[in-house]
Structures are given as C-alpha cells and as structure tokens.
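Quick look at query.txt (compact mmCIF, C-alpha atoms):
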```txt
# COMPACT_ATOMS: atom_id res chain seq x y z
CA MET A 1 253.03 -106.81 -91.90
CA VAL A 2 255.60 -104.91 -93.92
CA SER A 3 257.91 -102.51 -92.11
CA ILE A 4 258.37 -98.90 -93.16
CA LYS A 5 262.01 -99.69 -93.88
CA GLU A 6 261.00 -102.30 -96.46
CA VAL A 7 258.85 -99.92 -98.52
CA ASP A 8 260.41 -97.79 -101.28
CA PRO A 9 260.88 -94.36 -99.65
CA GLU A 10 260.19 -92.39 -102.83
CA ILE A 11 256.79 -93.99 -103.39
CA PHE A 12 255.92 -93.84 -99.69
CA ILE A 13 256.73 -90.13 -99.36
CA GLN A 14 254.83 -89.30 -102.56
CA LYS A 15 251.67 -91.14 -101.42
CA LEU A 16 251.85 -89.70 -97.90
CA ALA A 17 252.35 -86.18 -99.26
CA GLU A 18 249.26 -86.58 -101.47
CA LYS A 19 247.22 -87.76 -98.49
CA LEU A 20 248.43 -84.90 -96.27
CA LYS A 21 247.53 -82.39 -98.99
CA ASN A 22 244.18 -83.85 -100.11
CA GLU A 23 242.81 -84.45 -96.62
CA LYS A 24 244.15 -81.09 -95.38
CA ILE A 25 245.88 -82.68 -92.39
CA ILE A 26 248.47 -79.89 -92.57
CA THR A 27 248.49 -76.59 -94.44
CA GLN A 28 251.29 -74.78 -96.21
CA PRO A 29 251.89 -71.32 -94.70
CA GLU A 30 252.04 -68.24 -96.93
CA TRP A 31 255.65 -67.46 -96.00
CA SER A 32 256.79 -70.88 -97.23
CA TYR A 33 256.63 -69.76 -100.88
CA PHE A 34 259.50 -67.32 -100.31
CA VAL A 35 261.94 -69.10 -97.96
CA LYS A 36 264.95 -71.28 -98.59
CA THR A 37 265.12 -74.59 -96.76
CA GLY A 38 268.53 -73.83 -95.30
CA VAL A 39 271.52 -71.52 -95.36
CA SER A 40 273.30 -73.83 -97.80
CA ARG A 41 270.62 -73.37 -100.46
CA GLU A 42 270.80 -70.62 -103.05
CA ARG A 43 267.12 -70.50 -104.00
CA PRO A 44 263.72 -71.55 -102.60
CA PRO A 45 262.30 -74.94 -103.67
CA GLU A 46 260.81 -74.98 -107.17
CA GLN A 47 258.05 -77.53 -106.54
CA ASP A 48 254.66 -76.12 -105.56
CA ASP A 49 253.92 -78.88 -103.05
CA TRP A 50 257.39 -79.09 -101.48
CA TRP A 51 255.91 -78.41 -98.02
CA TYR A 52 253.88 -81.62 -98.10
CA ILE A 53 256.81 -83.64 -99.44
CA ARG A 54 259.06 -82.39 -96.62
CA ALA A 55 256.30 -83.06 -94.08
CA ALA A 56 255.88 -86.63 -95.35
CA SER A 57 259.64 -87.14 -95.19
CA ILE A 58 259.75 -85.81 -91.62
CA LEU A 59 256.93 -88.14 -90.56
CA ARG A 60 258.82 -91.06 -92.11
CA ARG A 61 262.01 -90.07 -90.24
CA ILE A 62 260.09 -89.92 -86.95
CA ALA A 63 258.64 -93.37 -87.61
CA ILE A 64 262.09 -94.83 -88.33
CA ASP A 65 264.24 -93.05 -85.73
CA GLY A 66 261.83 -93.03 -82.78
CA PRO A 67 261.90 -89.94 -80.58
CA VAL A 68 263.66 -87.33 -82.70
CA GLY A 69 264.08 -83.61 -82.13
CA VAL A 70 264.39 -80.55 -84.32
CA SER A 71 268.19 -80.47 -84.07
CA ARG A 72 268.57 -84.04 -85.30
CA LEU A 73 266.17 -83.36 -88.19
CA ARG A 74 268.07 -80.16 -89.07
CA THR A 75 271.24 -82.24 -89.35
CA TYR A 76 269.47 -84.86 -91.48
CA TYR A 77 268.13 -82.28 -93.98
CA GLY A 78 271.33 -80.18 -94.03
CA SER A 79 273.80 -80.10 -96.90
CA ARG A 80 277.14 -78.72 -98.02
CA GLN A 81 277.33 -74.97 -98.52
CA ARG A 82 279.24 -73.70 -101.50
CA ARG A 83 281.50 -70.84 -100.47
CA GLY A 84 283.19 -69.76 -103.67
CA SER A 85 286.90 -70.56 -103.75
CA GLN A 86 286.87 -71.76 -100.14
CA PRO A 87 286.22 -75.43 -99.36
CA GLU A 88 282.63 -76.53 -98.89
CA ARG A 89 281.30 -76.95 -95.35
CA PHE A 90 278.31 -78.77 -93.96
CA ARG A 91 275.45 -76.57 -92.77
CA LYS A 92 272.28 -77.61 -91.00
CA ALA A 93 268.88 -77.01 -92.57
CA GLY A 94 266.62 -74.22 -91.34
CA GLY A 95 264.73 -75.03 -88.14
CA LYS A 96 261.61 -72.90 -88.67
CA ILE A 97 260.24 -75.16 -91.40
CA ILE A 98 260.83 -78.34 -89.40
CA ARG A 99 259.44 -76.83 -86.20
CA THR A 100 256.29 -75.58 -87.94
CA ILE A 101 255.64 -78.96 -89.58
CA LEU A 102 256.10 -80.75 -86.23
CA GLN A 103 253.69 -78.32 -84.55
CA GLN A 104 251.12 -78.98 -87.30
CA PHE A 105 251.54 -82.72 -86.78
CA GLU A 106 251.04 -82.28 -83.03
CA LYS A 107 247.87 -80.28 -83.63
CA ALA A 108 246.61 -83.04 -85.97
CA GLY A 109 247.44 -85.67 -83.32
CA LEU A 110 250.00 -87.58 -85.39
CA VAL A 111 253.03 -86.95 -83.14
CA GLU A 112 253.58 -86.18 -79.47
CA GLN A 113 256.45 -84.80 -77.43
CA VAL A 114 258.56 -87.09 -75.26
CA LYS A 115 260.35 -85.66 -72.24
CA ASN A 116 263.80 -86.74 -71.09
CA GLU A 117 262.91 -88.98 -68.14
CA PRO A 118 264.96 -91.68 -66.40
CA THR A 119 263.78 -95.24 -67.02
CA GLY A 120 265.83 -96.86 -64.26
CA LYS A 121 269.53 -97.61 -63.80
CA LYS A 122 270.37 -94.08 -65.03
CA LYS A 123 269.15 -94.74 -68.57
CA TYR A 124 267.29 -91.90 -70.26
CA ILE A 125 264.84 -91.96 -73.13
CA ARG A 126 265.81 -89.58 -75.91
CA LYS A 127 263.58 -86.53 -75.89
CA GLY A 128 261.89 -85.24 -78.99
CA ARG A 129 258.77 -86.26 -80.86
CA LYS A 130 257.40 -89.71 -81.56
CA LEU A 131 254.41 -91.12 -83.40
CA THR A 132 251.05 -91.49 -81.70
CA LYS A 133 248.65 -94.37 -82.39
CA GLN A 134 246.90 -92.18 -84.95
CA GLY A 135 250.23 -91.46 -86.68
CA GLU A 136 251.11 -95.16 -86.78
CA LYS A 137 247.68 -95.91 -88.22
CA LEU A 138 248.19 -93.34 -91.00
CA ILE A 139 251.60 -94.79 -91.89
CA ASN A 140 250.24 -98.35 -91.90
CA GLU A 141 247.43 -97.27 -94.26
CA ILE A 142 249.97 -95.87 -96.71
CA ILE A 143 252.13 -98.99 -96.47
CA LYS A 144 249.10 -101.21 -97.16
CA SER A 145 248.13 -99.10 -100.18
CA ILE A 146 251.64 -99.51 -101.61
CA VAL A 147 252.15 -103.22 -100.85
CA LYS A 148 248.66 -104.45 -101.78
CA PRO A 149 248.60 -103.42 -105.48
CA SER A 150 252.16 -104.59 -106.14
CA SER A 151 251.52 -108.10 -104.73
CA ASN A 152 248.78 -108.86 -107.32
```
Whole structure given in structure tokens:
Amino acid sequence: MVSIKEVDPEIFIQKLAEKLKNEKIITQPEWSYFVKTGVSRERPPEQDDWWYIRAASILRRIAIDGPVGVSRLRTYYGSRQRRGSQPERFRKAGGKIIRTILQQFEKAGLVEQVKNEPTGKKKYIRKGRKLTKQGEKLINEIIKSIVKPSSN
C-alpha cells in the first residue's frame, strides 16, 4: 500500500477536488466568491473551483499531520503580507474558510473532533480534527486511482 506522502500532492489534490465537487460531498457557499483567503492577499482567488482545491488540500493535511486544529491550518496556509515600503511580515490565513470546510467534512463524516485527554503519564493527545474510517477510505481510493494507472 502506498502512503499519502509518496503520492504527488498536485495530482492527489486535483483528483480529490474533482471527487468532492462531482459527488457533492461538500458545497461552496455563496459568500466564498467574494472573500480573500487571508489578510495577506490582495484579491480573491481567480479559480472558480478554488473552494474544492482548498478542501482537498486541508483533507490531505489532516491525513498527514494527524489531529490538527484551525490555528495550525491557518499558519500552514498563511503567507507574507506586503506592506509597502515596510518589511514584509508573516500573516495567518483567514479562519472562516478553514472552519467552514472542516464543519462540512464533519457533516459528511470524513473527519471527527479529538478532545485533549490524558493518555497516561501526563501525556496528552493533540486536540483538533482527525480522519474517520470513511475519510481514510476516500483517501485510499484516490491513492489507488493515481498509483494503478501509472504502474501499467
């Protein structure tokens, strides 16, 4: 079995985004056509299906990083903000988009919340969201569709 880390991320995200869009697993809200993805951006995304691409990328990040929260994802998708003659500074991405996508994934049954609970000897599991069995199954289907044609 091929790991998600061994698959080309660009192809994986593209195929997963197509599946999310075609099977209507998640839906793009009306307000998403007018928002920027973060304070460091000057304009909204130009692609029509950017919502599904971001959702596929978030699902991939959850699969790789284990339990991950909105704050960690905001940092991952953040970028440098141009401030004129002042030096650039890093700014986190907007949280509304990430939160809404995660809520849609929860409603679809692909991810679930993990609480911060002790596991013994004062070790805590990171809280956030992790993949469910259904989410792992979806990711494995995409990996198989990518690996199978290229091995022939």
Could you give me, as CSV, every region 51-125 of chain A residue with an atom at most 8 Å from region 13-37 of chain A, plus its closest atom pair and distance in Å to one decimal, counting only C-alpha atoms, rows ordered by chain then number?
```
residue,atom,partner,partner_atom,distance
A:Trp51,CA,A:Gln28,CA,6.1
A:Tyr52,CA,A:Ala17,CA,4.9
A:Ile53,CA,A:Ala17,CA,5.1
A:Ala55,CA,A:Ala17,CA,7.2
A:Ala56,CA,A:Ala17,CA,5.3
A:Ser57,CA,A:Ile13,CA,5.9
A:Arg60,CA,A:Ile13,CA,7.6
A:Ala93,CA,A:Thr37,CA,6.1
A:Gly94,CA,A:Thr37,CA,5.6
A:Ile97,CA,A:Thr37,CA,7.3
A:Ile101,CA,A:Ile26,CA,7.8
A:Gln104,CA,A:Ile26,CA,6.0
A:Phe105,CA,A:Ile26,CA,7.1
A:Ala108,CA,A:Ile25,CA,6.5
```
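Considering the residues A:Glu112, A:Gly95, A:Leu59, A:Ile11 and counting all atoms listed in the file, Leu138 (chain A) has its shortest atom-to-atom contact with A:Leu59.
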Next on the checklist: Excluding Lys144 (chain A) and its own-chain neighbours fewer than 6 positions away, which residues fall within 12 Å of it when counting all atoms listed in the file? Please give them as a VMD selection string.
Outcome noted: chain A and resid 1 to 4 6 to 7 12 15 to 16 137 to 138 150 to 151
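For the pair CA of Ile142 (chain A) and CA of Lys92 (chain A), the separation is 29.4 Å.
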Item to check | Nearest candidate to Glu42 (chain A) (options A:Arg61, A:Arg80, A:Arg54, A:Arg99; using all atoms listed in the file) | outcome: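 Smallest separation from Glu42 (chain A) among the options: A:Arg80.
Counting from CA of Pro44 (chain A), the distance to CA of Leu73 (chain A) is 18.8 Å.
Note that the spacing between CA of Glu106 (chain A) and CA of Asp8 (chain A) amounts to 25.7 Å.
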Next on the checklist: At a cut-off of 6 Å, using all atoms listed in the file, what residues contact Asn116 (chain A)? Leave out same-chain residues fewer than 4 positions from it and give the result as a list of chain:residue names.
Outcome noted: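 Skipping anything fewer than 4 positions along the chain leaves A:Ile125, A:Arg126, A:Lys127.
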Item to check | Residue list as a PyMOL selection string for point (274.6, -77.5, -100.6), cut-off 7 Å, all atoms listed in the file | outcome: chain A and resi 40-41+79-82
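Shortest atom-to-atom contact with Gly78 (chain A) among A:Ala63, A:Ile98, A:Leu110, A:Ile146: A:Ile98, counting all atoms listed in the file.
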Could you list, with a cut-off of 8 Å and counting all atoms listed in the file, the residues of region 1-116 of chain A near region 128-132 of chain A, each shown with its nearest atom pair and the distance in Å rounded to one decimal, rows sorted by chain and ascending number, as a Markdown table?
```
| residue | atom | partner | partner_atom | distance |
| --- | --- | --- | --- | --- |
| A:Ile62 | CA | A:Lys130 | CA | 6.0 |
| A:Ala63 | CA | A:Leu131 | CA | 6.4 |
| A:Gly66 | CA | A:Lys130 | CA | 5.7 |
| A:Pro67 | CA | A:Lys130 | CA | 4.6 |
| A:Val68 | CA | A:Gly128 | CA | 4.6 |
| A:Gly69 | CA | A:Gly128 | CA | 4.2 |
| A:Val70 | CA | A:Gly128 | CA | 7.5 |
| A:Gly109 | CA | A:Thr132 | CA | 7.0 |
| A:Leu110 | CA | A:Thr132 | CA | 5.5 |
| A:Val111 | CA | A:Leu131 | CA | 4.4 |
| A:Glu112 | CA | A:Arg129 | CA | 5.4 |
| A:Gln113 | CA | A:Arg129 | CA | 4.4 |
| A:Val114 | CA | A:Gly128 | CA | 5.3 |
| A:Lys115 | CA | A:Gly128 | CA | 6.9 |
```
Is it possible to add N, CA, C and O atoms to region 68-84 of chain A and hand it back as an mmCIF file, in the coordinates of the input?
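After the write, part.cif holds the following:
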```cif
data_model
loop_
_atom_site.group_PDB
_atom_site.id
_atom_site.type_symbol
_atom_site.label_atom_id
_atom_site.label_comp_id
_atom_site.auth_asym_id
_atom_site.auth_seq_id
_atom_site.Cartn_x
_atom_site.Cartn_y
_atom_site.Cartn_z
ATOM 1 N N VAL A 68 262.682 -88.129 -81.975
ATOM 2 C CA VAL A 68 263.660 -87.330 -82.700
ATOM 3 C C VAL A 68 263.294 -85.864 -82.554
ATOM 4 O O VAL A 68 262.117 -85.506 -82.578
ATOM 5 N N GLY A 69 264.303 -85.023 -82.349
ATOM 6 C CA GLY A 69 264.080 -83.610 -82.130
ATOM 7 C C GLY A 69 264.393 -82.775 -83.354
ATOM 8 O O GLY A 69 264.850 -83.272 -84.389
ATOM 9 N N VAL A 70 264.181 -81.475 -83.221
ATOM 10 C CA VAL A 70 264.390 -80.550 -84.320
ATOM 11 C C VAL A 70 265.867 -80.520 -84.729
ATOM 12 O O VAL A 70 266.192 -80.505 -85.914
ATOM 13 N N SER A 71 266.765 -80.542 -83.761
ATOM 14 C CA SER A 71 268.190 -80.470 -84.070
ATOM 15 C C SER A 71 268.652 -81.657 -84.906
ATOM 16 O O SER A 71 269.411 -81.500 -85.870
ATOM 17 N N ARG A 72 268.196 -82.839 -84.548
ATOM 18 C CA ARG A 72 268.570 -84.040 -85.300
ATOM 19 C C ARG A 72 268.000 -83.993 -86.722
ATOM 20 O O ARG A 72 268.652 -84.392 -87.685
ATOM 21 N N LEU A 73 266.773 -83.483 -86.868
ATOM 22 C CA LEU A 73 266.170 -83.360 -88.190
ATOM 23 C C LEU A 73 266.878 -82.280 -89.013
ATOM 24 O O LEU A 73 267.035 -82.420 -90.233
ATOM 25 N N ARG A 74 267.315 -81.201 -88.367
ATOM 26 C CA ARG A 74 268.070 -80.160 -89.070
ATOM 27 C C ARG A 74 269.359 -80.744 -89.643
ATOM 28 O O ARG A 74 269.749 -80.429 -90.764
ATOM 29 N N THR A 75 270.013 -81.606 -88.877
ATOM 30 C CA THR A 75 271.240 -82.240 -89.350
ATOM 31 C C THR A 75 270.927 -83.178 -90.514
ATOM 32 O O THR A 75 271.666 -83.221 -91.501
ATOM 33 N N TYR A 76 269.833 -83.915 -90.422
ATOM 34 C CA TYR A 76 269.470 -84.860 -91.480
ATOM 35 C C TYR A 76 269.199 -84.137 -92.801
ATOM 36 O O TYR A 76 269.603 -84.594 -93.871
ATOM 37 N N TYR A 77 268.505 -83.001 -92.758
ATOM 38 C CA TYR A 77 268.130 -82.280 -93.980
ATOM 39 C C TYR A 77 269.161 -81.234 -94.395
ATOM 40 O O TYR A 77 268.952 -80.521 -95.368
ATOM 41 N N GLY A 78 270.273 -81.129 -93.674
ATOM 42 C CA GLY A 78 271.330 -80.180 -94.030
ATOM 43 C C GLY A 78 272.102 -80.646 -95.255
ATOM 44 O O GLY A 78 271.926 -81.750 -95.758
ATOM 45 N N SER A 79 272.991 -79.763 -95.735
ATOM 46 C CA SER A 79 273.800 -80.100 -96.900
ATOM 47 C C SER A 79 275.063 -79.254 -96.914
ATOM 48 O O SER A 79 275.260 -78.404 -96.045
ATOM 49 N N ARG A 80 275.901 -79.477 -97.908
ATOM 50 C CA ARG A 80 277.140 -78.720 -98.020
ATOM 51 C C ARG A 80 276.861 -77.336 -98.606
ATOM 52 O O ARG A 80 276.114 -77.209 -99.576
ATOM 53 N N GLN A 81 277.484 -76.327 -98.021
ATOM 54 C CA GLN A 81 277.330 -74.970 -98.520
ATOM 55 C C GLN A 81 278.505 -74.629 -99.411
ATOM 56 O O GLN A 81 279.666 -74.793 -99.027
ATOM 57 N N ARG A 82 278.190 -74.143 -100.590
ATOM 58 C CA ARG A 82 279.240 -73.700 -101.500
ATOM 59 C C ARG A 82 279.683 -72.302 -101.071
ATOM 60 O O ARG A 82 278.858 -71.418 -100.856
ATOM 61 N N ARG A 83 280.991 -72.108 -100.978
ATOM 62 C CA ARG A 83 281.500 -70.840 -100.470
ATOM 63 C C ARG A 83 282.503 -70.205 -101.422
ATOM 64 O O ARG A 83 283.474 -69.594 -101.011
ATOM 65 N N GLY A 84 282.280 -70.338 -102.699
ATOM 66 C CA GLY A 84 283.190 -69.760 -103.670
ATOM 67 C C GLY A 84 284.474 -70.559 -103.774
ATOM 68 O O GLY A 84 284.456 -71.766 -103.956
#
```
